[in-house]
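Student: JSON, C-alpha atoms, saved as upload-v1.json, coming up:
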```
[["chain", "number", "residue", "atom", "x", "y", "z"],
["A", 100, "MET", "CA", 13.36, -25.22, 32.33],
["A", 101, "ASN", "CA", 12.85, -28.40, 34.24],
["A", 102, "SER", "CA", 11.62, -27.59, 37.71],
["A", 103, "ASN", "CA", 13.23, -30.74, 39.04],
["A", 104, "ARG", "CA", 16.56, -28.98, 38.60],
["A", 105, "PHE", "CA", 15.85, -26.70, 41.51],
["A", 106, "SER", "CA", 15.93, -29.20, 44.28],
["A", 107, "PRO", "CA", 18.55, -28.54, 46.97],
["A", 108, "VAL", "CA", 20.94, -31.11, 45.52],
["A", 109, "ALA", "CA", 20.54, -29.76, 42.02],
["A", 110, "ALA", "CA", 21.64, -26.28, 42.97],
["A", 111, "PHE", "CA", 25.37, -26.84, 42.89],
["A", 112, "SER", "CA", 26.94, -27.05, 39.53],
["A", 113, "PHE", "CA", 29.56, -24.43, 38.76],
["A", 114, "ALA", "CA", 28.24, -24.44, 35.23],
["A", 115, "LEU", "CA", 24.68, -24.19, 36.39],
["A", 116, "PHE", "CA", 24.54, -21.75, 39.20],
["A", 117, "PHE", "CA", 23.60, -19.01, 36.76],
["A", 118, "ALA", "CA", 20.44, -20.81, 35.81],
["A", 119, "LEU", "CA", 19.69, -21.86, 39.34],
["A", 120, "ALA", "CA", 20.09, -18.40, 40.73],
["A", 121, "THR", "CA", 17.17, -16.97, 38.82],
["A", 122, "PRO", "CA", 15.11, -14.99, 41.33],
["A", 123, "GLY", "CA", 12.46, -17.12, 42.93],
["A", 124, "ARG", "CA", 14.23, -20.36, 42.17],
["A", 125, "LEU", "CA", 17.00, -20.34, 44.70],
["A", 126, "ALA", "CA", 16.68, -22.95, 47.37],
["A", 127, "GLY", "CA", 19.07, -21.10, 49.64],
["A", 128, "GLN", "CA", 19.97, -17.51, 50.26],
["A", 129, "ASP", "CA", 19.63, -14.71, 47.75],
["A", 130, "ASN", "CA", 23.24, -14.04, 46.85],
["A", 131, "LYS", "CA", 22.44, -11.76, 43.94],
["A", 132, "ASN", "CA", 24.05, -8.66, 45.36],
["A", 133, "LEU", "CA", 26.70, -10.12, 47.64],
["A", 134, "TYR", "CA", 29.51, -9.91, 45.10],
["A", 135, "PRO", "CA", 29.07, -6.73, 43.06],
["A", 136, "ARG", "CA", 32.73, -6.38, 42.12],
["A", 137, "MET", "CA", 36.07, -8.14, 42.25],
["A", 138, "ALA", "CA", 37.48, -8.80, 45.71],
["A", 139, "PRO", "CA", 41.17, -8.22, 46.48],
["A", 140, "LEU", "CA", 43.24, -10.54, 44.30],
["A", 141, "GLU", "CA", 44.69, -12.36, 47.30],
["A", 142, "GLN", "CA", 41.28, -13.82, 48.05],
["A", 143, "TYR", "CA", 41.26, -15.68, 44.74],
["A", 144, "LEU", "CA", 44.74, -17.13, 45.11],
["A", 145, "MET", "CA", 45.69, -20.45, 46.67],
["A", 146, "GLU", "CA", 48.77, -22.11, 48.06],
["A", 147, "ARG", "CA", 50.50, -23.64, 45.04],
["A", 148, "ASP", "CA", 50.61, -27.29, 46.07],
["A", 149, "ALA", "CA", 47.03, -27.18, 47.31],
["A", 150, "GLU", "CA", 45.92, -25.73, 43.99],
["A", 151, "ILE", "CA", 47.76, -28.43, 42.05],
["A", 152, "ALA", "CA", 46.11, -31.13, 44.13],
["A", 153, "MET", "CA", 42.69, -29.55, 43.79],
["A", 154, "ALA", "CA", 43.07, -29.18, 40.03],
["A", 155, "ARG", "CA", 44.01, -32.83, 39.67],
["A", 156, "SER", "CA", 41.04, -33.88, 41.78],
["A", 157, "ALA", "CA", 38.68, -32.83, 38.98],
["A", 158, "ALA", "CA", 39.23, -36.11, 37.16],
["A", 159, "PRO", "CA", 40.10, -39.64, 38.20],
["A", 160, "GLU", "CA", 43.77, -40.01, 39.02],
["A", 161, "SER", "CA", 44.15, -42.28, 36.01],
["A", 162, "ILE", "CA", 43.52, -39.22, 33.85],
["A", 163, "SER", "CA", 44.84, -36.31, 35.89],
["A", 164, "HIS", "CA", 48.14, -37.94, 36.88],
["A", 165, "ASP", "CA", 49.60, -37.29, 33.43],
["A", 166, "ALA", "CA", 47.73, -34.05, 32.77],
["A", 167, "THR", "CA", 49.19, -30.60, 32.54],
["A", 168, "VAL", "CA", 48.30, -28.63, 35.66],
["A", 169, "LEU", "CA", 47.85, -24.88, 35.80],
["A", 170, "VAL", "CA", 47.82, -22.63, 38.85],
["A", 171, "LEU", "CA", 46.59, -19.07, 39.18],
["A", 172, "GLY", "CA", 49.34, -16.54, 39.84],
["A", 173, "ARG", "CA", 49.30, -12.77, 40.16],
["A", 174, "HIS", "CA", 49.60, -12.39, 36.40],
["A", 175, "GLY", "CA", 47.28, -15.16, 35.29],
["A", 176, "TYR", "CA", 47.42, -18.91, 34.94],
["A", 177, "GLU", "CA", 50.84, -20.51, 34.67],
["A", 178, "THR", "CA", 51.92, -24.07, 34.06],
["A", 179, "ALA", "CA", 52.85, -25.80, 37.31],
["A", 180, "VAL", "CA", 53.17, -29.32, 35.92],
["A", 181, "ALA", "CA", 53.82, -30.24, 32.30],
["A", 182, "GLY", "CA", 51.67, -33.18, 31.29],
["A", 183, "LYS", "CA", 51.87, -35.78, 28.58],
["A", 184, "ASN", "CA", 48.33, -36.99, 27.87],
["A", 185, "GLY", "CA", 46.83, -33.79, 26.43],
["A", 186, "PHE", "CA", 44.45, -33.18, 29.33],
["A", 187, "VAL", "CA", 44.79, -29.89, 31.22],
["A", 188, "CYS", "CA", 43.58, -29.51, 34.80],
["A", 189, "VAL", "CA", 42.95, -26.13, 36.38],
["A", 190, "VAL", "CA", 40.96, -24.60, 39.22],
["A", 191, "GLU", "CA", 38.64, -22.08, 37.64],
["A", 192, "ARG", "CA", 37.33, -19.08, 39.54],
["A", 193, "GLY", "CA", 33.91, -17.45, 39.44],
["A", 194, "TRP", "CA", 34.65, -15.29, 36.42],
["A", 195, "MET", "CA", 34.23, -18.32, 34.19],
["A", 196, "SER", "CA", 30.51, -18.25, 34.92],
["A", 197, "PRO", "CA", 27.91, -16.44, 32.80],
["A", 198, "SER", "CA", 27.76, -12.67, 32.81],
["A", 199, "ASP", "CA", 24.63, -12.55, 34.95],
["A", 200, "ALA", "CA", 25.77, -15.14, 37.47],
["A", 201, "PRO", "CA", 25.38, -13.60, 40.93],
["A", 202, "GLU", "CA", 28.57, -15.27, 42.17],
["A", 203, "PHE", "CA", 30.77, -14.14, 39.27],
["A", 204, "TRP", "CA", 33.05, -12.35, 41.72],
["A", 205, "ASN", "CA", 32.62, -14.72, 44.67],
["A", 206, "PRO", "CA", 36.23, -15.21, 45.84],
["A", 207, "LYS", "CA", 35.37, -18.49, 47.52],
["A", 208, "LEU", "CA", 34.43, -20.28, 44.31],
["A", 209, "ARG", "CA", 36.79, -23.01, 43.24],
["A", 210, "GLY", "CA", 35.92, -25.00, 40.12],
["A", 211, "PRO", "CA", 38.44, -27.78, 39.55],
["A", 212, "ILE", "CA", 38.16, -28.93, 35.93],
["A", 213, "CYS", "CA", 40.14, -31.20, 33.63],
["A", 214, "PHE", "CA", 39.74, -30.40, 29.93],
["A", 215, "ASN", "CA", 40.21, -33.15, 27.39],
["A", 216, "PRO", "CA", 42.61, -32.37, 24.51],
["A", 217, "PRO", "CA", 40.03, -30.77, 22.15],
["A", 218, "ALA", "CA", 38.66, -28.66, 25.01],
["A", 219, "ALA", "CA", 42.15, -27.73, 26.17],
["A", 220, "ARG", "CA", 42.83, -26.40, 22.70],
["A", 221, "SER", "CA", 39.51, -24.69, 22.02],
["A", 222, "VAL", "CA", 37.77, -23.88, 25.33],
["A", 223, "LEU", "CA", 40.61, -23.30, 27.78],
["A", 224, "PRO", "CA", 41.87, -20.28, 25.79],
["A", 225, "THR", "CA", 38.72, -18.48, 26.93],
["A", 226, "THR", "CA", 39.76, -19.11, 30.53],
["A", 227, "TYR", "CA", 43.14, -17.54, 29.77],
["A", 228, "LYS", "CA", 41.52, -14.59, 28.05],
["A", 229, "ARG", "CA", 39.01, -13.84, 30.79],
["A", 230, "THR", "CA", 41.67, -14.23, 33.48],
["A", 231, "GLU", "CA", 43.95, -11.85, 31.61],
["A", 232, "MET", "CA", 41.19, -9.26, 31.70],
["A", 233, "VAL", "CA", 40.51, -9.91, 35.39],
["A", 234, "MET", "CA", 44.17, -9.31, 36.17],
["A", 235, "ALA", "CA", 43.97, -6.07, 34.20],
["A", 236, "GLY", "CA", 41.19, -4.88, 36.48],
["A", 237, "ARG", "CA", 38.33, -5.08, 34.02],
["A", 238, "THR", "CA", 34.72, -5.04, 35.15],
["A", 239, "LYS", "CA", 32.40, -7.97, 34.59],
["A", 240, "ALA", "CA", 30.74, -6.23, 31.64],
["A", 241, "GLU", "CA", 34.12, -5.42, 30.14],
["A", 242, "ILE", "CA", 35.21, -9.03, 30.53],
["A", 243, "ILE", "CA", 32.16, -10.41, 28.76],
["A", 244, "ASP", "CA", 32.43, -7.81, 26.00],
["A", 245, "GLY", "CA", 36.15, -8.48, 25.72],
["A", 246, "ASN", "CA", 35.52, -12.22, 25.46],
["A", 247, "LYS", "CA", 33.01, -11.63, 22.68],
["A", 248, "ALA", "CA", 35.27, -9.23, 20.82],
["A", 249, "ALA", "CA", 38.26, -11.56, 21.09],
["A", 250, "PHE", "CA", 36.26, -14.39, 19.55],
["A", 251, "GLU", "CA", 34.94, -12.20, 16.78],
["A", 252, "ARG", "CA", 38.46, -11.02, 15.97],
["A", 253, "GLY", "CA", 39.63, -14.62, 15.71],
["A", 254, "GLU", "CA", 41.83, -14.36, 18.79],
["A", 255, "LEU", "CA", 40.06, -17.34, 20.32],
["A", 256, "PRO", "CA", 39.93, -20.66, 18.48],
["A", 257, "ALA", "CA", 36.84, -22.25, 17.03],
["A", 258, "LEU", "CA", 35.32, -25.01, 19.13],
["A", 259, "GLU", "CA", 36.68, -28.45, 18.28],
["A", 260, "PRO", "CA", 34.38, -31.47, 18.00],
["A", 261, "GLY", "CA", 34.49, -33.76, 20.98],
["A", 262, "ALA", "CA", 35.44, -31.09, 23.50],
["A", 263, "MET", "CA", 34.50, -32.12, 27.03],
["A", 264, "SER", "CA", 35.68, -31.81, 30.60],
["A", 265, "TYR", "CA", 35.57, -33.51, 33.97],
["A", 266, "MET", "CA", 34.31, -31.76, 37.11],
["A", 267, "MET", "CA", 34.25, -34.60, 39.60],
["A", 268, "SER", "CA", 36.21, -33.07, 42.46],
["A", 269, "LYS", "CA", 34.98, -33.71, 45.95],
["A", 270, "GLU", "CA", 36.82, -30.51, 46.96],
["A", 271, "ALA", "CA", 35.04, -28.12, 44.62],
["A", 272, "TYR", "CA", 33.17, -25.09, 45.92],
["A", 273, "LEU", "CA", 30.78, -24.14, 43.15],
["A", 274, "THR", "CA", 28.31, -21.91, 44.95],
["A", 275, "ASP", "CA", 27.53, -20.58, 48.40],
["A", 276, "ASN", "CA", 24.28, -22.48, 48.38],
["A", 277, "ASP", "CA", 23.60, -25.74, 50.16],
["A", 278, "ASP", "CA", 26.18, -28.49, 49.54],
["A", 279, "HIS", "CA", 28.28, -26.34, 47.20],
["A", 280, "ASN", "CA", 29.15, -29.10, 44.78],
["A", 281, "LEU", "CA", 28.05, -31.58, 42.12],
["A", 282, "ALA", "CA", 30.07, -34.28, 40.33],
["A", 283, "HIS", "CA", 29.53, -33.91, 36.59],
["A", 284, "LEU", "CA", 30.93, -33.96, 33.08],
["A", 285, "MET", "CA", 30.54, -31.10, 30.62],
["A", 286, "PHE", "CA", 30.28, -31.29, 26.83],
["A", 287, "TYR", "CA", 30.84, -28.30, 24.60],
["A", 288, "THR", "CA", 28.93, -27.81, 21.35],
["A", 289, "PRO", "CA", 28.02, -25.02, 18.96],
["A", 290, "LEU", "CA", 24.75, -23.33, 19.91],
["A", 291, "LEU", "CA", 22.01, -25.94, 19.79],
["A", 292, "ASP", "CA", 18.39, -26.39, 20.67],
["A", 293, "GLY", "CA", 18.69, -28.26, 23.96],
["A", 294, "ALA", "CA", 15.90, -30.56, 22.81],
["A", 295, "VAL", "CA", 18.40, -32.15, 20.43],
["A", 296, "TRP", "CA", 19.97, -33.76, 23.48],
["A", 297, "GLY", "CA", 16.76, -34.03, 25.46],
["A", 298, "ALA", "CA", 18.16, -31.50, 27.88],
["A", 299, "ASP", "CA", 16.17, -30.11, 30.78],
["A", 300, "LEU", "CA", 13.28, -32.49, 30.26],
["A", 301, "PRO", "CA", 11.72, -34.21, 33.27],
["A", 302, "LYS", "CA", 14.03, -36.96, 34.56],
["A", 303, "SER", "CA", 16.59, -36.34, 31.81],
["A", 304, "PRO", "CA", 20.15, -36.45, 33.18],
["A", 305, "VAL", "CA", 21.21, -33.82, 30.64],
["A", 306, "MET", "CA", 21.15, -30.10, 31.39],
["A", 307, "LEU", "CA", 21.89, -27.29, 28.97],
["A", 308, "ASN", "CA", 23.73, -24.35, 30.47],
["A", 309, "PRO", "CA", 24.45, -21.10, 28.64],
["A", 310, "GLN", "CA", 27.79, -20.65, 30.38],
["A", 311, "PHE", "CA", 29.20, -18.60, 27.50],
["A", 312, "LYS", "CA", 25.99, -16.72, 26.80],
["A", 313, "GLY", "CA", 26.66, -13.34, 25.26],
["A", 314, "ALA", "CA", 30.36, -14.02, 25.01],
["A", 315, "GLN", "CA", 30.96, -16.92, 22.66],
["A", 316, "PRO", "CA", 28.76, -19.31, 20.60],
["A", 317, "ILE", "CA", 29.32, -22.36, 22.77],
["A", 318, "ASP", "CA", 26.68, -24.38, 24.56],
["A", 319, "VAL", "CA", 27.56, -26.49, 27.56],
["A", 320, "PHE", "CA", 25.69, -29.71, 28.25],
["A", 321, "VAL", "CA", 26.09, -30.92, 31.81],
["A", 322, "ILE", "CA", 25.71, -34.56, 32.80],
["A", 323, "PRO", "CA", 25.83, -35.33, 36.52],
["A", 324, "VAL", "CA", 27.63, -38.52, 37.43],
["A", 325, "GLY", "CA", 27.15, -40.41, 40.63],
["A", 326, "ARG", "CA", 30.81, -40.66, 41.62],
["A", 327, "TRP", "CA", 33.54, -38.35, 42.76],
["A", 328, "SER", "CA", 36.88, -38.62, 41.00],
["A", 329, "ASP", "CA", 38.19, -40.93, 43.71],
["A", 330, "GLY", "CA", 35.45, -43.44, 42.91],
["A", 331, "THR", "CA", 33.38, -42.82, 46.02],
["A", 332, "ALA", "CA", 29.67, -42.20, 45.75],
["A", 333, "ALA", "CA", 28.51, -38.66, 45.12],
["A", 334, "PRO", "CA", 25.02, -37.35, 45.89],
["A", 335, "VAL", "CA", 22.55, -38.50, 43.27],
["A", 336, "MET", "CA", 20.36, -35.85, 41.72],
["B", 205, "MET", "CA", 32.79, -13.75, 13.72],
["B", 206, "ASN", "CA", 34.66, -16.90, 12.71],
["B", 207, "SER", "CA", 31.56, -18.15, 10.97],
["B", 208, "ALA", "CA", 33.28, -20.41, 8.46],
["B", 209, "ARG", "CA", 35.36, -22.21, 11.05],
["B", 210, "PHE", "CA", 32.42, -22.36, 13.39],
["B", 211, "ALA", "CA", 30.10, -23.82, 10.78],
["B", 212, "ALA", "CA", 32.57, -26.57, 10.01],
["B", 213, "VAL", "CA", 32.58, -27.63, 13.62],
["B", 214, "ALA", "CA", 28.81, -27.46, 13.80],
["B", 215, "VAL", "CA", 28.39, -29.75, 10.82],
["B", 216, "LEU", "CA", 30.61, -32.35, 12.40],
["B", 217, "VAL", "CA", 28.78, -32.23, 15.67],
["B", 218, "PHE", "CA", 25.33, -32.32, 14.16],
["B", 219, "ALA", "CA", 26.18, -35.02, 11.71],
["B", 220, "PHE", "CA", 28.04, -37.39, 13.93],
["B", 221, "SER", "CA", 27.02, -37.03, 17.52],
["B", 222, "ALA", "CA", 23.95, -38.51, 19.06],
["B", 223, "VAL", "CA", 22.67, -39.26, 22.50],
["B", 224, "PHE", "CA", 20.66, -42.19, 23.78],
["B", 225, "PHE", "CA", 19.14, -42.61, 27.21],
["B", 226, "GLY", "CA", 19.31, -46.00, 28.90],
["B", 227, "ASP", "CA", 16.48, -47.66, 30.76],
["B", 228, "LYS", "CA", 15.93, -50.35, 33.35],
["B", 229, "GLU", "CA", 15.52, -52.99, 30.68],
["B", 230, "GLY", "CA", 18.86, -52.25, 29.03],
["B", 231, "ASN", "CA", 21.22, -55.14, 28.47],
["B", 232, "ALA", "CA", 24.19, -53.46, 30.09],
["B", 233, "GLY", "CA", 22.62, -53.44, 33.53],
["B", 234, "ASP", "CA", 23.74, -49.87, 33.95],
["B", 235, "SER", "CA", 21.93, -46.63, 33.24],
["B", 236, "HIS", "CA", 23.97, -44.73, 30.71],
["B", 237, "LEU", "CA", 24.06, -42.33, 27.79],
["B", 238, "MET", "CA", 25.72, -43.13, 24.48],
["B", 239, "PHE", "CA", 27.48, -40.83, 22.01],
["B", 240, "TRP", "CA", 28.62, -41.77, 18.52],
["B", 241, "PHE", "CA", 31.41, -40.21, 16.49],
["B", 242, "PRO", "CA", 33.38, -41.13, 13.37],
["B", 243, "GLN", "CA", 36.47, -43.10, 14.34],
["B", 244, "GLY", "CA", 38.61, -40.68, 12.39],
["B", 245, "GLU", "CA", 38.05, -38.02, 15.00],
["B", 246, "HIS", "CA", 40.35, -39.81, 17.47],
["B", 247, "MET", "CA", 38.75, -38.09, 20.42],
["B", 248, "ASP", "CA", 40.09, -38.63, 23.90],
["B", 249, "TRP", "CA", 37.38, -38.54, 26.53],
["B", 250, "GLY", "CA", 39.41, -40.32, 29.18],
["B", 251, "ALA", "CA", 37.38, -43.41, 28.41],
["B", 252, "ASP", "CA", 38.10, -46.71, 30.14],
["B", 253, "ALA", "CA", 40.46, -45.02, 32.60],
["B", 254, "SER", "CA", 40.11, -46.25, 36.16],
["B", 255, "ASP", "CA", 37.19, -44.54, 37.96],
["B", 256, "SER", "CA", 36.17, -42.72, 34.79],
["B", 257, "PRO", "CA", 32.41, -42.74, 34.14],
["B", 258, "VAL", "CA", 33.19, -42.88, 30.41],
["B", 259, "ASN", "CA", 33.72, -46.07, 28.42],
["B", 260, "VAL", "CA", 34.49, -46.49, 24.75],
["B", 261, "HIS", "CA", 33.66, -49.10, 22.13],
["B", 262, "GLN", "CA", 34.95, -49.17, 18.57],
["B", 263, "TYR", "CA", 32.48, -50.53, 16.02],
["B", 264, "THR", "CA", 33.57, -52.80, 13.19],
["B", 265, "PRO", "CA", 33.22, -52.72, 10.29],
["B", 266, "GLN", "CA", 31.41, -49.39, 10.66],
["B", 267, "PRO", "CA", 33.93, -46.65, 11.47],
["B", 268, "ILE", "CA", 32.07, -45.51, 14.56],
["B", 269, "THR", "CA", 33.39, -44.74, 18.01],
["B", 270, "GLU", "CA", 30.82, -45.16, 20.75],
["B", 271, "PHE", "CA", 31.23, -43.51, 24.13],
["B", 272, "THR", "CA", 29.01, -44.48, 27.05],
["B", 273, "ILE", "CA", 28.60, -42.45, 30.21],
["B", 274, "SER", "CA", 27.21, -43.97, 33.35],
["B", 275, "VAL", "CA", 24.50, -41.93, 34.99],
["B", 276, "ALA", "CA", 23.07, -42.35, 38.43],
["B", 277, "LYS", "CA", 19.36, -42.75, 37.71],
["B", 278, "TRP", "CA", 17.06, -44.84, 35.58],
["B", 279, "SER", "CA", 14.73, -43.10, 33.17],
["B", 280, "ASP", "CA", 11.91, -43.22, 35.72],
["B", 281, "GLY", "CA", 13.99, -41.16, 38.14],
["B", 282, "THR", "CA", 14.87, -43.95, 40.54],
["B", 283, "VAL", "CA", 18.48, -44.50, 41.57],
["B", 284, "ALA", "CA", 20.35, -46.99, 39.38],
["B", 285, "SER", "CA", 21.57, -50.09, 41.12],
["B", 286, "ALA", "CA", 25.24, -49.24, 40.72],
["B", 287, "TYR", "CA", 24.70, -46.01, 42.62],
["B", 288, "GLN", "CA", 22.59, -47.23, 45.51],
["B", 289, "ARG", "CA", 24.51, -46.75, 48.73]]
```
Is it possible to express this structure as structure tokens?

Tutor:
Amino acid sequence: MNSNRFSPVAAFSFALFFALATPGRLAGQDNKNLYPRMAPLEQYLMERDAEIAMARSAAPESISHDATVLVLGRHGYETAVAGKNGFVCVVERGWMSPSDAPEFWNPKLRGPICFNPPAARSVLPTTYKRTEMVMAGRTKAEIIDGNKAAFERGELPALEPGAMSYMMSKEAYLTDNDDHNLAHLMFYTPLLDGAVWGADLPKSPVMLNPQFKGAQPIDVFVIPVGRWSDGTAAPVM
Amino acid sequence: MNSARFAAVAVLVFAFSAVFFGDKEGNAGDSHLMFWFPQGEHMDWGADASDSPVNVHQYTPQPITEFTISVAKWSDGTVASAYQR
């Protein structure tokens, strides 16, 4: 893994905090044991209008304005706004991180994300599935196993080519560490050797993150961008 | 496992996607990555939308769709001009 990734600025991608939280590599506090289990559900919920606005902030307004917007309710995600461009924007919670992510149950995490149409059809169903299991009171291990089993039974769709998402929200809270955030795009592929994309090499802007490790054969390539969704400058890593 | 469906996706991705890193000497004057897909895929990456870091170009006569993504640094690690504050 590229050691440059572990600078303070680099430590804040929702999709990456698993990799960055490897013991000995954290720039900030050791949060490994701070969130051993799910917190009370109320701590993961948001005021509806605030959640809609945060979800939309994941992508430029030119994209998110006509997107479908989901909000998290007591029984899972529900459609708050019906869109018309095929994009779907949602605020993901910590349980969409890898199984060994130390902040899997961190109730403060808010990961605004806008899925493009192929990702909305083939990646977002995993968000629904995991959230369904969270609402049913499953443990982290049960959620990851349930994710894997659901895919193997064909209950989750195969990954579509061209699946990608925007995570450019200035309002995101992706980790407890340092600045909490990073503007980036994510690209979903079948399992690949990261070298195919030059990922994690010195000065490469591409990072490979095993977000679905152990649960589903999807790799996530993360590309930081230098702008927030409103067009203002974001920290450059 | 949905191996047949999964393999079909994998073939498409391996066969038709590629990535290229820009450098300071690039003609576009902007550090960026490029991805290529067959035009028949009709993929929507939010390209060319206002404030989107993604742009799209359709090749002719080759049936290739090219996406470019602006990134904040040159290949030597220095901050690209468009991102200097």

Student: Might you pull out every residue within 10 Å of Gln262 in chain B, with all atoms listed in the file counted and same-chain residues fewer than 4 positions away left off, and present them as a ChimeraX atom specification?

Tutor: /B:240-243,266-271

Student: Please provide the set of residues having any atom within 8 Å of range 190-198 of chain A, restricted to all atoms listed in the file, with same-chain residues fewer than 2 positions apart removed, written as number ranges by chain.

Tutor: A: 113-114, 117, 143, 150, 153-154, 169-171, 188, 200, 202-206, 208-212, 226, 229-230, 239-240, 243, 309-313

Student: Taking C-alpha atoms for each residue, export the selection above as a short mmCIF file (atom, residue, chain, number, x, y, z; two decimals), in the frame of the given file.

Tutor:
```
data_model
loop_
_atom_site.label_atom_id
_atom_site.label_comp_id
_atom_site.auth_asym_id
_atom_site.auth_seq_id
_atom_site.Cartn_x
_atom_site.Cartn_y
_atom_site.Cartn_z
CA PHE A 113 29.56 -24.43 38.76
CA ALA A 114 28.24 -24.44 35.23
CA PHE A 117 23.60 -19.01 36.76
CA TYR A 143 41.26 -15.68 44.74
CA GLU A 150 45.92 -25.73 43.99
CA MET A 153 42.69 -29.55 43.79
CA ALA A 154 43.07 -29.18 40.03
CA LEU A 169 47.85 -24.88 35.80
CA VAL A 170 47.82 -22.63 38.85
CA LEU A 171 46.59 -19.07 39.18
CA CYS A 188 43.58 -29.51 34.80
CA ALA A 200 25.77 -15.14 37.47
CA GLU A 202 28.57 -15.27 42.17
CA PHE A 203 30.77 -14.14 39.27
CA TRP A 204 33.05 -12.35 41.72
CA ASN A 205 32.62 -14.72 44.67
CA PRO A 206 36.23 -15.21 45.84
CA LEU A 208 34.43 -20.28 44.31
CA ARG A 209 36.79 -23.01 43.24
CA GLY A 210 35.92 -25.00 40.12
CA PRO A 211 38.44 -27.78 39.55
CA ILE A 212 38.16 -28.93 35.93
CA THR A 226 39.76 -19.11 30.53
CA ARG A 229 39.01 -13.84 30.79
CA THR A 230 41.67 -14.23 33.48
CA LYS A 239 32.40 -7.97 34.59
CA ALA A 240 30.74 -6.23 31.64
CA ILE A 243 32.16 -10.41 28.76
CA PRO A 309 24.45 -21.10 28.64
CA GLN A 310 27.79 -20.65 30.38
CA PHE A 311 29.20 -18.60 27.50
CA LYS A 312 25.99 -16.72 26.80
CA GLY A 313 26.66 -13.34 25.26
#
```

Student: Provide as a PyMOL selection string the residues of chain A at most 8 Å from chain B, counting all atoms listed in the file.

Tutor: chain A and resi 158-162+215-217+250-253+257-261+263+288-289+296+302-304+322-326+328-330+332+335-336

Student: Each side padded by 4 Å, which centre and which edge lengths in Å (one decimal) define the axis-aligned box around the listed atoms of range 276-285 of chain B? Give them as JSON.

Tutor:
```
{"center_x": 17.5, "center_y": -45.6, "center_z": 37.4, "size_x": 19.2, "size_y": 16.9, "size_z": 16.4}
```

Student: Would you mind reading off the distance between CA of Ala157 in chain A and CA of Ala333 in chain A, one decimal, in Å?

Tutor: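 Those two atoms sit 13.2 Å apart.
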
Student: In Å to one decimal, how far is CA of Leu284 in chain A from CA of Val305 in chain A?

Tutor: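 These two atoms are separated by 10.0 Å.
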
Student: Could you pull the residues within 8 Å of Ala219 in chain A, counting only C-alpha atoms, minus those fewer than 5 positions along the same chain, as a short mmCIF file (atom, residue, chain, number, x, y, z; two decimals) with C-alpha atoms, in the frame of the given file?

Tutor:
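That gives us part.cif:
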```
data_model
loop_
_atom_site.label_atom_id
_atom_site.label_comp_id
_atom_site.auth_asym_id
_atom_site.auth_seq_id
_atom_site.Cartn_x
_atom_site.Cartn_y
_atom_site.Cartn_z
CA GLY A 185 46.83 -33.79 26.43
CA PHE A 186 44.45 -33.18 29.33
CA VAL A 187 44.79 -29.89 31.22
CA PHE A 214 39.74 -30.40 29.93
CA PRO A 224 41.87 -20.28 25.79
CA ALA A 262 35.44 -31.09 23.50
#
```

Student: For a quick check of understanding, using only C-alpha atoms, which of A:Asn308, A:Ser156, A:Met232, A:Asp278 has the smallest distance to Asp244 in chain A?

Tutor: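 Nearest candidate to Asp244 in chain A out of A:Asn308, A:Ser156, A:Met232, A:Asp278: A:Met232.
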